[in-house]
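Peer 1: Sending over start.cif (mmCIF, C-alpha atoms).
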data_model
loop_
_atom_site.label_atom_id
_atom_site.label_comp_id
_atom_site.auth_asym_id
_atom_site.auth_seq_id
_atom_site.Cartn_x
_atom_site.Cartn_y
_atom_site.Cartn_z
CA MET A 2 35.85 31.49 -45.45
CA TRP A 3 34.25 31.92 -42.10
CA LYS A 4 30.86 31.82 -43.69
CA ARG A 5 31.76 28.64 -45.43
CA ASP A 6 32.84 26.96 -42.22
CA GLU A 7 29.71 28.00 -40.44
CA ALA A 8 27.62 26.82 -43.29
CA GLN A 9 29.31 23.46 -43.18
CA LYS A 10 29.04 23.01 -39.44
CA PRO A 11 25.35 22.48 -39.30
CA THR A 12 25.49 19.91 -42.02
CA VAL A 13 28.19 18.09 -40.13
CA SER A 14 26.52 18.36 -36.76
CA GLN A 15 23.16 17.24 -38.01
CA PRO A 16 23.93 13.75 -39.20
CA PRO A 17 24.80 12.49 -35.72
CA ALA A 18 21.41 13.62 -34.50
CA PRO A 19 19.37 11.27 -36.64
CA ALA A 20 21.80 8.51 -35.81
CA PRO A 21 20.17 7.65 -32.47
CA VAL A 22 16.83 7.75 -34.22
CA THR A 23 17.93 5.19 -36.77
CA PRO A 24 17.53 2.36 -34.30
CA SER A 25 13.94 2.65 -35.32
CA GLN A 26 14.35 -0.82 -36.80
CA PRO A 27 12.98 -2.52 -33.70
CA ALA A 28 10.00 -0.17 -33.88
CA SER A 29 9.19 -1.35 -37.36
CA ALA A 30 9.58 -4.93 -36.19
CA ALA A 31 7.34 -4.17 -33.25
CA SER A 32 4.51 -3.20 -35.52
CA GLN A 33 4.08 -6.82 -36.52
CA PRO A 34 1.85 -9.51 -35.07
CA GLU A 35 0.27 -9.54 -31.61
CA PHE A 36 2.52 -12.28 -30.32
CA ARG A 37 5.96 -10.90 -30.84
CA ARG A 38 9.43 -11.40 -29.56
CA ILE A 39 10.74 -8.07 -28.30
CA GLU A 40 14.17 -9.13 -27.21
CA ARG A 41 15.90 -12.43 -26.99
CA ASP A 42 13.99 -13.78 -24.00
CA MET A 43 10.89 -11.69 -23.75
CA VAL A 44 7.51 -12.20 -25.33
CA ASN A 45 4.64 -9.77 -25.55
CA ILE A 46 0.96 -10.63 -25.66
CA GLY A 47 -0.83 -7.76 -27.35
CA LYS A 48 -3.94 -5.83 -26.38
CA SER A 49 -6.36 -7.67 -28.60
CA VAL A 50 -5.33 -11.17 -27.48
CA VAL A 51 -7.65 -13.12 -25.18
CA ILE A 52 -6.35 -16.34 -23.68
CA LYS A 53 -8.48 -18.75 -21.68
CA GLY A 54 -6.68 -21.65 -20.09
CA GLU A 55 -3.22 -22.40 -18.85
CA LEU A 56 -0.22 -20.34 -19.85
CA ASN A 57 3.22 -21.88 -19.22
CA GLY A 58 6.54 -20.48 -20.30
CA SER A 59 10.25 -20.35 -19.74
CA GLU A 60 10.97 -16.78 -20.73
CA ASP A 61 9.96 -13.34 -19.57
CA LEU A 62 6.48 -12.32 -20.66
CA THR A 63 4.57 -9.08 -20.95
CA ILE A 64 0.79 -9.27 -21.14
CA GLU A 65 -1.24 -6.40 -22.52
CA GLY A 66 -4.28 -8.52 -23.37
CA HIS A 67 -6.74 -10.61 -21.35
CA VAL A 68 -5.84 -13.90 -19.71
CA GLU A 69 -8.19 -16.15 -17.77
CA GLY A 70 -7.05 -19.33 -16.06
CA LYS A 71 -3.53 -19.93 -14.82
CA ILE A 72 -0.16 -18.40 -15.66
CA GLU A 73 3.05 -20.17 -14.75
CA LEU A 74 6.43 -18.68 -15.60
CA LYS A 75 8.91 -20.57 -13.51
CA ASP A 76 12.12 -18.56 -12.99
CA HIS A 77 10.93 -15.70 -15.18
CA VAL A 78 9.43 -12.26 -14.96
CA LEU A 79 5.80 -11.64 -15.76
CA THR A 80 4.78 -8.06 -16.52
CA ILE A 81 1.13 -7.17 -16.73
CA GLY A 82 1.08 -4.04 -18.84
CA PRO A 83 -1.26 -1.08 -18.32
CA ASN A 84 -3.80 -2.64 -20.69
CA GLY A 85 -3.45 -6.15 -19.32
CA LYS A 86 -6.37 -7.78 -17.53
CA ILE A 87 -5.72 -11.03 -15.74
CA LYS A 88 -8.26 -13.27 -14.10
CA ALA A 89 -5.98 -16.04 -13.12
CA GLN A 90 -3.71 -17.62 -10.60
CA VAL A 91 -0.20 -16.41 -11.27
CA PHE A 92 3.09 -18.13 -10.48
CA ALA A 93 6.39 -16.54 -11.51
CA LYS A 94 9.81 -15.49 -10.31
CA ALA A 95 8.80 -11.84 -10.30
CA VAL A 96 5.53 -10.17 -11.16
CA ILE A 97 5.22 -6.52 -12.16
CA VAL A 98 1.66 -5.21 -12.27
CA LEU A 99 0.68 -2.09 -14.16
CA GLY A 100 -2.73 -3.39 -15.23
CA GLU A 101 -5.41 -5.43 -13.44
CA VAL A 102 -5.04 -8.77 -11.73
CA ASN A 103 -7.91 -10.68 -10.23
CA GLY A 104 -6.52 -13.78 -8.58
CA ASN A 105 -3.77 -15.00 -6.32
CA VAL A 106 -0.19 -14.09 -7.15
CA THR A 107 2.76 -16.20 -6.05
CA ALA A 108 6.31 -15.07 -6.79
CA THR A 109 9.57 -16.57 -5.63
CA GLU A 110 11.33 -13.19 -5.69
CA LYS A 111 9.14 -10.12 -5.88
CA VAL A 112 5.70 -8.72 -6.60
CA ASP A 113 5.69 -5.10 -7.66
CA ILE A 114 2.35 -3.28 -8.03
CA ARG A 115 3.09 -0.03 -9.78
CA ASP A 116 1.15 3.23 -9.86
CA GLY A 117 -2.18 2.53 -11.57
CA GLY A 118 -1.81 -1.22 -11.11
CA SER A 119 -4.51 -3.21 -9.34
CA VAL A 120 -4.50 -6.56 -7.56
CA ASP A 121 -7.53 -8.24 -6.02
CA GLY A 122 -6.22 -11.42 -4.51
CA ASP A 123 -3.68 -12.89 -2.15
CA ILE A 124 0.03 -12.35 -2.65
CA ILE A 125 2.71 -14.77 -1.56
CA SER A 126 6.21 -13.44 -2.11
CA PRO A 127 9.30 -12.65 -0.03
CA ARG A 128 9.24 -9.08 -1.30
CA VAL A 129 6.25 -6.94 -2.14
CA ALA A 130 6.26 -3.36 -3.36
CA ILE A 131 3.06 -1.39 -3.69
CA ALA A 132 3.15 2.09 -5.20
CA GLU A 133 0.99 4.83 -3.71
CA GLY A 134 -1.39 5.03 -6.63
CA ALA A 135 -1.89 1.29 -6.74
CA HIS A 136 -4.99 -0.63 -5.68
CA PHE A 137 -4.67 -3.75 -3.58
CA ARG A 138 -7.20 -5.85 -1.77
CA GLY A 139 -6.29 -9.20 -0.31
CA SER A 140 -3.58 -10.60 1.87
CA VAL A 141 0.20 -10.44 1.75
CA ASP A 142 2.32 -13.32 2.97
CA MET A 143 6.02 -12.59 2.80
CA GLN A 144 6.95 -15.96 4.29
CA ARG A 145 9.32 -15.99 7.21
CA LYS A 146 11.91 -17.78 5.08
CA GLY A 147 12.47 -14.66 3.00
CA ALA A 148 12.44 -12.53 6.12
CA GLN A 149 15.39 -14.15 7.89
CA PRO A 150 17.98 -11.49 7.04
CA ALA A 151 15.61 -8.65 7.82
CA VAL A 152 14.78 -10.16 11.21
CA ALA A 153 18.47 -10.22 12.02
CA THR A 154 18.72 -6.49 11.40
CA VAL A 155 15.66 -5.76 13.48
CA LYS A 156 16.53 -8.10 16.29
CA ASP A 157 17.73 -5.23 18.43
CA THR A 158 14.54 -3.27 17.78
CA PRO A 159 11.21 -5.07 17.94
CA LYS A 160 12.01 -8.48 19.47
CA PRO A 161 13.77 -7.90 22.72
CA ALA A 162 13.36 -4.17 22.57
CA ALA A 163 9.79 -3.93 21.45
CA SER A 164 9.08 -1.77 24.43
CA GLN A 165 12.38 0.11 24.23
CA PRO A 166 11.54 2.32 21.26
CA ALA A 167 8.87 3.93 23.38
CA GLU A 168 11.50 4.96 25.86
CA LYS A 169 13.79 6.06 23.07
CA ALA A 170 10.99 8.20 21.77
CA GLN A 171 10.74 10.09 25.04
CA PRO A 172 13.30 12.79 24.28
CA GLN A 173 11.59 13.52 20.97
CA PRO A 174 9.98 16.94 20.70
CA THR A 175 6.54 15.41 20.36
CA GLY A 176 5.53 15.05 23.94
CA ALA A 177 3.22 12.35 25.10
CA ARG A 178 1.47 11.89 28.32
CA MET B 16 6.22 24.75 -24.28
CA GLY B 17 9.72 23.80 -23.19
CA LEU B 18 10.71 20.57 -21.56
CA SER B 19 11.45 22.33 -18.30
CA ASP B 20 7.91 23.74 -18.32
CA LEU B 21 6.54 20.25 -18.72
CA PHE B 22 8.57 18.93 -15.82
CA SER B 23 7.69 21.83 -13.56
CA ARG B 24 4.01 21.29 -14.35
CA ARG B 25 4.28 17.63 -13.57
CA ARG B 26 6.01 18.44 -10.29
CA LYS B 27 3.25 20.86 -9.42
CA ASP B 28 0.58 18.29 -10.25
CA ASN B 29 2.28 15.78 -8.01
CA THR B 30 2.36 18.11 -5.06
CA ASP B 31 -1.30 18.92 -5.53
CA SER B 32 -2.51 15.37 -5.63
CA ASP B 33 -0.11 13.72 -3.28
CA ALA B 34 1.48 16.25 -1.03
CA GLY B 35 4.82 15.45 0.57
CA ALA B 36 5.80 12.01 -0.46
CA SER B 37 9.08 10.65 0.80
CA ASP B 38 10.43 13.95 2.16
CA ALA B 39 7.70 14.28 4.80
CA PRO B 40 9.11 14.43 8.34
CA ALA B 41 8.98 11.39 10.61
CA HIS B 42 6.84 11.78 13.73
CA PRO B 43 7.51 9.86 16.93
CA THR B 44 4.88 7.33 17.88
CA LYS B 45 4.35 5.93 21.33
CA ALA B 46 1.66 3.38 20.71
CA LEU B 47 3.19 1.62 17.72
CA PRO B 48 6.06 0.03 19.71
CA LYS B 49 3.49 -1.37 22.17
CA PHE B 50 1.41 -2.68 19.30
CA LEU B 51 4.49 -4.33 17.79
CA ALA B 52 5.29 -5.92 21.13
CA THR B 53 1.90 -7.65 21.19
CA LEU B 54 2.37 -8.91 17.64
CA ASN B 55 5.84 -10.15 18.38
CA GLN B 56 4.48 -12.69 20.81
CA ARG B 57 3.00 -14.69 17.91
CA GLN B 58 4.82 -16.86 15.40
CA GLN B 59 3.24 -15.53 12.21
CA PRO B 60 0.79 -12.87 13.36
CA LEU B 61 -2.25 -12.14 11.24
CA LEU B 62 -2.56 -8.41 10.74
CA LEU B 63 -5.44 -6.46 9.28
CA ASP B 64 -4.62 -3.09 7.72
CA LEU B 65 -7.61 -0.86 7.06
CA GLY B 66 -5.61 1.34 4.74
CA PRO B 67 -4.80 3.45 2.92
CA VAL B 68 -2.37 0.89 1.56
CA VAL B 69 1.28 1.83 1.93
CA GLY B 70 3.84 -0.51 0.41
CA GLN B 71 6.59 0.45 2.85
CA THR B 72 4.36 -0.22 5.84
CA LEU B 73 3.31 -3.62 4.49
CA THR B 74 6.96 -4.43 3.88
CA PHE B 75 7.81 -3.47 7.45
CA PHE B 76 5.19 -5.75 8.96
CA GLY B 77 5.73 -8.54 6.45
CA GLU B 78 9.50 -8.65 6.31
CA GLN B 79 10.47 -7.59 9.78
CA LEU B 80 7.70 -9.14 11.85
CA GLY B 81 6.76 -11.97 9.51
CA CYS B 82 3.10 -10.95 9.55
CA LYS B 83 0.54 -12.21 7.14
CA ILE B 84 -1.27 -9.02 6.26
CA PHE B 85 -4.86 -8.65 5.16
CA VAL B 86 -5.64 -5.40 3.43
CA GLU B 87 -9.18 -4.04 3.51
CA ASP B 88 -8.77 -0.52 2.20
CA LEU B 89 -11.60 1.30 3.98
CA ALA B 90 -10.04 4.66 3.13
CA LYS B 91 -11.08 4.03 -0.47
CA ASP B 92 -14.59 3.02 0.64
CA ILE B 93 -14.96 6.20 2.67
CA ASP B 94 -13.84 8.32 -0.26
CA ARG B 95 -16.20 6.51 -2.62
CA GLN B 96 -19.10 6.86 -0.19
CA ALA B 97 -18.44 10.59 0.10
CA LYS B 98 -19.12 10.82 -3.64
CA GLU B 99 -21.79 8.16 -4.12
CA GLY B 100 -23.56 8.15 -0.79
CA LYS B 101 -23.27 6.12 2.37
CA PRO B 102 -24.67 2.60 2.72
CA GLU B 103 -28.22 2.54 4.06
CA ASP B 104 -27.43 -0.17 6.54
CA PRO B 105 -23.87 0.33 7.85
CA ALA B 106 -24.10 -2.79 10.03
CA ALA B 107 -24.86 -5.00 7.03
CA PHE B 108 -22.23 -3.24 4.94
CA TYR B 109 -19.44 -3.82 7.45
CA ALA B 110 -20.59 -7.35 8.23
CA GLN B 111 -20.19 -8.14 4.55
CA ARG B 112 -16.94 -6.17 4.26
CA PHE B 113 -15.16 -8.31 6.86
CA PRO B 114 -15.48 -11.97 5.98
CA GLN B 115 -12.70 -12.95 8.41
CA GLU B 116 -13.59 -15.55 11.03
CA THR B 117 -14.42 -14.49 14.55
CA GLY B 118 -11.31 -14.20 16.74
CA SER B 119 -8.92 -14.88 13.86
CA ILE B 120 -6.86 -11.66 13.66
CA ASP B 121 -3.92 -10.84 15.96
CA GLY B 122 -3.67 -7.14 15.26
CA ILE B 123 -5.63 -4.40 13.51
CA LEU B 124 -4.30 -1.13 12.16
CA CYS B 125 -7.13 1.40 12.05
CA TRP B 126 -4.92 4.47 11.65
CA ASP B 127 -7.20 7.55 11.78
CA LEU B 128 -10.18 6.15 9.85
CA PHE B 129 -12.65 6.75 12.66
CA ASP B 130 -12.13 10.50 12.24
CA PHE B 131 -13.92 10.26 8.90
CA ILE B 132 -16.86 8.01 9.82
CA ASP B 133 -20.07 9.07 11.52
CA LYS B 134 -20.95 7.53 14.88
CA VAL B 135 -23.48 4.98 13.58
CA SER B 136 -21.10 3.66 10.96
CA GLY B 137 -18.25 3.82 13.44
CA GLN B 138 -20.14 1.62 15.87
CA ALA B 139 -20.93 -0.89 13.15
CA LEU B 140 -17.30 -0.97 12.07
CA ALA B 141 -15.95 -1.22 15.62
CA LYS B 142 -18.33 -4.14 16.29
CA GLN B 143 -16.94 -6.07 13.34
CA LEU B 144 -13.35 -5.30 14.29
CA SER B 145 -13.81 -6.46 17.85
CA ARG B 146 -15.48 -9.60 16.52
CA ILE B 147 -12.61 -10.64 14.28
CA LEU B 148 -9.88 -9.75 16.78
CA ARG B 149 -8.64 -12.74 18.76
CA PRO B 150 -8.66 -12.63 22.56
CA ASP B 151 -5.52 -10.70 23.66
CA GLY B 152 -5.24 -9.23 20.19
CA ALA B 153 -4.47 -5.53 19.77
CA LEU B 154 -6.00 -2.72 17.77
CA LEU B 155 -4.22 0.55 17.06
CA GLY B 156 -6.24 3.67 16.32
CA PHE B 157 -5.44 7.35 15.95
CA PHE B 158 -7.99 10.00 16.86
CA ASN B 159 -7.66 13.70 16.32
CA THR B 160 -8.59 15.84 19.28
CA ALA B 161 -8.87 19.14 17.40
CA GLU B 162 -11.50 20.17 14.89
CA PRO B 163 -10.15 20.71 11.39
CA ALA B 164 -9.36 24.35 10.68
CA PRO B 165 -12.13 26.02 8.67
CA GLY B 166 -11.44 26.11 4.96
CA THR B 167 -9.07 23.15 5.12
CA LYS B 168 -9.37 20.98 2.05
CA PRO B 169 -10.39 17.40 2.88
CA HIS B 170 -7.41 15.12 2.99
CA TYR B 171 -6.46 11.72 4.32
CA THR B 172 -3.11 10.56 5.62
CA ARG B 173 -0.94 7.64 4.66
CA TYR B 174 1.03 6.41 7.67
CA VAL B 175 4.41 5.04 6.70
CA VAL B 176 6.34 3.05 9.28
CA VAL B 177 9.87 4.43 9.17
CA ASP B 178 11.04 2.42 12.18
CA PRO B 179 9.31 0.95 15.24
CA SER B 180 9.03 4.35 16.89
CA HIS B 181 8.57 6.73 13.97
CA LEU B 182 5.83 7.24 11.43
CA GLN B 183 5.87 9.43 8.39
CA HIS B 184 2.58 11.19 7.70
CA ARG B 185 1.87 11.59 4.01
CA PRO B 186 -1.29 13.60 3.38
CA TYR B 187 -3.22 13.23 0.14
CA SER B 188 -6.40 14.86 -1.03
CA GLY B 189 -9.80 13.20 -0.71
CA GLN B 190 -13.53 13.89 -0.66
CA GLN B 191 -14.57 13.23 2.91
CA PRO B 192 -13.66 15.93 5.44
CA ARG B 193 -12.64 15.01 8.94
CA LEU B 194 -15.63 14.94 11.32
CA LYS B 195 -16.02 16.31 14.82
CA PRO B 196 -13.48 14.69 17.14
CA LEU B 197 -14.69 11.82 19.28
CA ASN B 198 -14.25 12.17 23.00
CA ASN B 199 -12.70 9.50 25.19
CA ARG B 200 -15.98 8.12 26.42
CA ASP B 201 -17.37 7.83 22.89
CA ILE B 202 -14.29 5.94 21.80
CA GLN B 203 -14.41 3.57 24.74
CA ARG B 204 -18.10 2.84 24.23
CA MET B 205 -17.72 2.43 20.52
CA PHE B 206 -15.07 -0.26 20.87
CA GLU B 207 -16.59 -2.22 23.72
CA PRO B 208 -15.78 -4.99 24.68
CA LEU B 209 -12.22 -3.96 23.75
CA ARG B 210 -10.30 -2.26 26.53
CA VAL B 211 -8.11 0.80 26.18
CA THR B 212 -4.72 -0.29 27.49
CA GLU B 213 -2.54 2.61 26.35
CA GLN B 214 -3.37 6.12 25.37
CA PHE B 215 -0.99 8.88 24.30
CA LEU B 216 -1.83 12.46 23.49
CA LEU B 217 0.79 13.84 21.15
CA LYS B 218 1.69 17.49 20.65
CA SER B 219 0.25 17.22 17.17
CA THR B 220 -3.20 16.89 18.89
CA MET B 221 -3.34 13.30 17.74
CA ARG B 222 -4.43 10.74 20.30
CA GLU B 223 -2.90 7.29 19.84
CA VAL B 224 -4.99 4.57 21.42
CA LEU B 225 -4.09 0.92 21.85
CA PHE B 226 -7.00 -1.44 22.52
CA ARG B 227 -6.80 -5.04 23.67
CA LYS B 228 -9.46 -7.67 23.53
CA PRO B 229 -9.89 -9.29 26.94
CA SER B 230 -8.86 -12.93 26.97
CA ALA B 231 -11.82 -15.28 26.92
#
For this file, write the structure as structure tokens.
Peer 2:
Amino acid sequence: MWKRDEAQKPTVSQPPAPAPVTPSQPASAASQPEFRRIERDMVNIGKSVVIKGELNGSEDLTIEGHVEGKIELKDHVLTIGPNGKIKAQVFAKAVIVLGEVNGNVTATEKVDIRDGGSVDGDIISPRVAIAEGAHFRGSVDMQRKGAQPAVATVKDTPKPAASQPAEKAQPQPTGAR
Amino acid sequence: MGLSDLFSRRRKDNTDSDAGASDAPAHPTKALPKFLATLNQRQQPLLLDLGPVVGQTLTFFGEQLGCKIFVEDLAKDIDRQAKEGKPEDPAAFYAQRFPQETGSIDGILCWDLFDFIDKVSGQALAKQLSRILRPDGALLGFFNTAEPAPGTKPHYTRYVVVDPSHLQHRPYSGQQPRLKPLNNRDIQRMFEPLRVTEQFLLKSTMREVLFRKPSA
């Protein structure tokens, strides 16, 4: 009896394991054309696609291919994948860079250059994140408008007290002459 | 190989390549608050960061001081030159490297780059920096006063602004070893016509120097 139960257990416990694997349906769908819709509002431009000209859209976009010209995704997120190479001016709500961008990037919310990502150009965005393994050459303009709340929190530090931190630092163990 | 082995290997790799990331201790800084005070006098100060690029530091200057920041990552140049060879004409190299207009920059962050550049290149670089700095503008530089311990692997440091009076030092490996420390007179001569307005010698043997460009 015991043996029987034990023998049955594995057969019972195994079926749930493949269950999470079964959502492999999207994977089969993903192996379709280069331009493909991954989710409801996200489009992917595949590795082999080269676009020259102006790219406009009203949904999130991931680029793994090459784009030259201008990319405008008002109110949406643009992701430049690890294989993506962009030689264009970019305008979007948020830009995530894992590949290469050569051109100016303007985002209304955030620019995020991840590890391995590279940007050669000027960035205008209220928030900019640059990972340690990222390459960046150009200028960053976070616009004072986006900085208002941060300034309020720092008001007691740099503005009136720009010289105060030095005094505060005095008791620190690192002595200075 | 188990999953835990994989993770432990990855952790080890990380520590090798990029020692002490966010858990590195914060060191007090005396010169940075003075540098910030000079920037604060401008509406949207133009800041030049000579790298290495640190996102958190850019965010600090951009969000909290409203700076427009130019990044010219010389740390990468120095590392590349250590592998491929130095430019034959440093003056021409740095003149081309800094296209900014004369007197257009309010503040320059040099960090400790001059510890890795020979005197000739250092003079060429300092000349360009003093050219692009506006009158009354400030330049912040760190200079080591001690020779690197023998056998030390070459490494650079990322300086992360934690708050106006603290910096986190994040070392990472590189090709170019630190050179012989510059003495005070060398530094002053190198940066002429900039004037040393503040100088702090920290217990860590680091000398923080704040330069100002005399008003025209």
Peer 1: Quick check on the file I pasted: which residues fall under the PyMOL selection byres ((chain B) within 9 of (chain A))? Write them as a PyMOL selection string.
Peer 2: chain B and resi 33+42-53+55-56+59+63+67-71+73-74+77-88+178-181+214-219
Peer 1: Any chance you could resolve the PyMOL selection byres ((chain B and resi 129) around 9) against this file and give the residues as a PyMOL selection string?
Peer 2: chain B and resi 125-128+130-134+137+156-158+194+197
Peer 1: Using all atoms listed in the file, which of B:Ala41, B:Leu148, B:Ala110, B:Leu65 sits nearest Val176 (chain B)?
Peer 2: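 Of all the options, B:Ala41 lies closest to Val176 (chain B).
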Peer 1: For region 52-65 of chain A, find every residue with an atom within 10 Å (counting only C-alpha atoms), except residues of its own chain fewer than 2 positions away, and show them as a ChimeraX atom specification.
Peer 2: /A:35-36,38-50,67-100
Peer 1: Filtering to C-alpha atoms, could you give me those residues as a PDB file, keeping the file's coordinate frame?
Peer 2:
ATOM      1  CA  GLU A  35       0.270  -9.540 -31.610  1.00  0.00           C
ATOM      2  CA  PHE A  36       2.520 -12.280 -30.320  1.00  0.00           C
ATOM      3  CA  ARG A  38       9.430 -11.400 -29.560  1.00  0.00           C
ATOM      4  CA  ILE A  39      10.740  -8.070 -28.300  1.00  0.00           C
ATOM      5  CA  GLU A  40      14.170  -9.130 -27.210  1.00  0.00           C
ATOM      6  CA  ARG A  41      15.900 -12.430 -26.990  1.00  0.00           C
ATOM      7  CA  ASP A  42      13.990 -13.780 -24.000  1.00  0.00           C
ATOM      8  CA  MET A  43      10.890 -11.690 -23.750  1.00  0.00           C
ATOM      9  CA  VAL A  44       7.510 -12.200 -25.330  1.00  0.00           C
ATOM     10  CA  ASN A  45       4.640  -9.770 -25.550  1.00  0.00           C
ATOM     11  CA  ILE A  46       0.960 -10.630 -25.660  1.00  0.00           C
ATOM     12  CA  GLY A  47      -0.830  -7.760 -27.350  1.00  0.00           C
ATOM     13  CA  LYS A  48      -3.940  -5.830 -26.380  1.00  0.00           C
ATOM     14  CA  SER A  49      -6.360  -7.670 -28.600  1.00  0.00           C
ATOM     15  CA  VAL A  50      -5.330 -11.170 -27.480  1.00  0.00           C
ATOM     16  CA  HIS A  67      -6.740 -10.610 -21.350  1.00  0.00           C
ATOM     17  CA  VAL A  68      -5.840 -13.900 -19.710  1.00  0.00           C
ATOM     18  CA  GLU A  69      -8.190 -16.150 -17.770  1.00  0.00           C
ATOM     19  CA  GLY A  70      -7.050 -19.330 -16.060  1.00  0.00           C
ATOM     20  CA  LYS A  71      -3.530 -19.930 -14.820  1.00  0.00           C
ATOM     21  CA  ILE A  72      -0.160 -18.400 -15.660  1.00  0.00           C
ATOM     22  CA  GLU A  73       3.050 -20.170 -14.750  1.00  0.00           C
ATOM     23  CA  LEU A  74       6.430 -18.680 -15.600  1.00  0.00           C
ATOM     24  CA  LYS A  75       8.910 -20.570 -13.510  1.00  0.00           C
ATOM     25  CA  ASP A  76      12.120 -18.560 -12.990  1.00  0.00           C
ATOM     26  CA  HIS A  77      10.930 -15.700 -15.180  1.00  0.00           C
ATOM     27  CA  VAL A  78       9.430 -12.260 -14.960  1.00  0.00           C
ATOM     28  CA  LEU A  79       5.800 -11.640 -15.760  1.00  0.00           C
ATOM     29  CA  THR A  80       4.780  -8.060 -16.520  1.00  0.00           C
ATOM     30  CA  ILE A  81       1.130  -7.170 -16.730  1.00  0.00           C
ATOM     31  CA  GLY A  82       1.080  -4.040 -18.840  1.00  0.00           C
ATOM     32  CA  PRO A  83      -1.260  -1.080 -18.320  1.00  0.00           C
ATOM     33  CA  ASN A  84      -3.800  -2.640 -20.690  1.00  0.00           C
ATOM     34  CA  GLY A  85      -3.450  -6.150 -19.320  1.00  0.00           C
ATOM     35  CA  LYS A  86      -6.370  -7.780 -17.530  1.00  0.00           C
ATOM     36  CA  ILE A  87      -5.720 -11.030 -15.740  1.00  0.00           C
ATOM     37  CA  LYS A  88      -8.260 -13.270 -14.100  1.00  0.00           C
ATOM     38  CA  ALA A  89      -5.980 -16.040 -13.120  1.00  0.00           C
ATOM     39  CA  GLN A  90      -3.710 -17.620 -10.600  1.00  0.00           C
ATOM     40  CA  VAL A  91      -0.200 -16.410 -11.270  1.00  0.00           C
ATOM     41  CA  PHE A  92       3.090 -18.130 -10.480  1.00  0.00           C
ATOM     42  CA  ALA A  93       6.390 -16.540 -11.510  1.00  0.00           C
ATOM     43  CA  LYS A  94       9.810 -15.490 -10.310  1.00  0.00           C
ATOM     44  CA  ALA A  95       8.800 -11.840 -10.300  1.00  0.00           C
ATOM     45  CA  VAL A  96       5.530 -10.170 -11.160  1.00  0.00           C
ATOM     46  CA  ILE A  97       5.220  -6.520 -12.160  1.00  0.00           C
ATOM     47  CA  VAL A  98       1.660  -5.210 -12.270  1.00  0.00           C
ATOM     48  CA  LEU A  99       0.680  -2.090 -14.160  1.00  0.00           C
ATOM     49  CA  GLY A 100      -2.730  -3.390 -15.230  1.00  0.00           C
TER      50      GLY A 100
END
Peer 1: From the set B:Pro196, B:Gln190, B:Arg146, B:Arg185, which residue has the shortest atom-to-atom contact distance to Leu209 (chain B), counting all atoms listed in the file?
Peer 2: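 For Leu209 (chain B), the nearest of the given residues is B:Arg146.
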Peer 1: Could you expand the PyMOL selection byres ((chain B and resi 171) around 6) into the explicit residues it covers here, written as a PyMOL selection string?
Peer 2: chain B and resi 170+172+186-187
Peer 1: Pick out the closest residue to Glu103 (chain B) from this set: B:Asn198, B:Ser136, B:Thr117, B:Gln183. Count all atoms listed in the file.
Peer 2: B:Ser136
Peer 1: Which residues, written as a list in words, have at least one atom at most 10 Å from Phe206 (chain B), with all atoms listed in the file counted and residues fewer than 4 positions away on the same chain left out?
Peer 2: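 That gives Gly137, Gln138, Ala139, Leu140, Ala141, Lys142, Gln143, Leu144, Ser145, Leu154, Asp201, Ile202, Arg210, Val211, Phe226, Arg227 and Lys228 of chain B.
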Peer 1: So how far away is CA of Pro229 (chain B) from CA of Leu54 (chain B), in Å?
Peer 2: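 These two atoms are separated by 15.4 Å.
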Peer 1: How far is it from CA of Pro105 (chain B) to CA of Arg193 (chain B), in Å with one decimal?
Peer 2: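 If I compute the distance from CA of Pro105 (chain B) to CA of Arg193 (chain B), I get 18.5 Å.
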Peer 1: Hey, can you check how far CA of Arg149 (chain B) sits from CA of Asp121 (chain B)?
Peer 2: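 Between CA of Arg149 (chain B) and CA of Asp121 (chain B) the gap works out to 5.8 Å.
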Peer 1: Please determine, counting all atoms listed in the file, which residue among B:Pro165, B:Leu62, B:Glu99, B:Thr72 has the shortest atom-to-atom distance to Ile147 (chain B).
Peer 2: B:Leu62
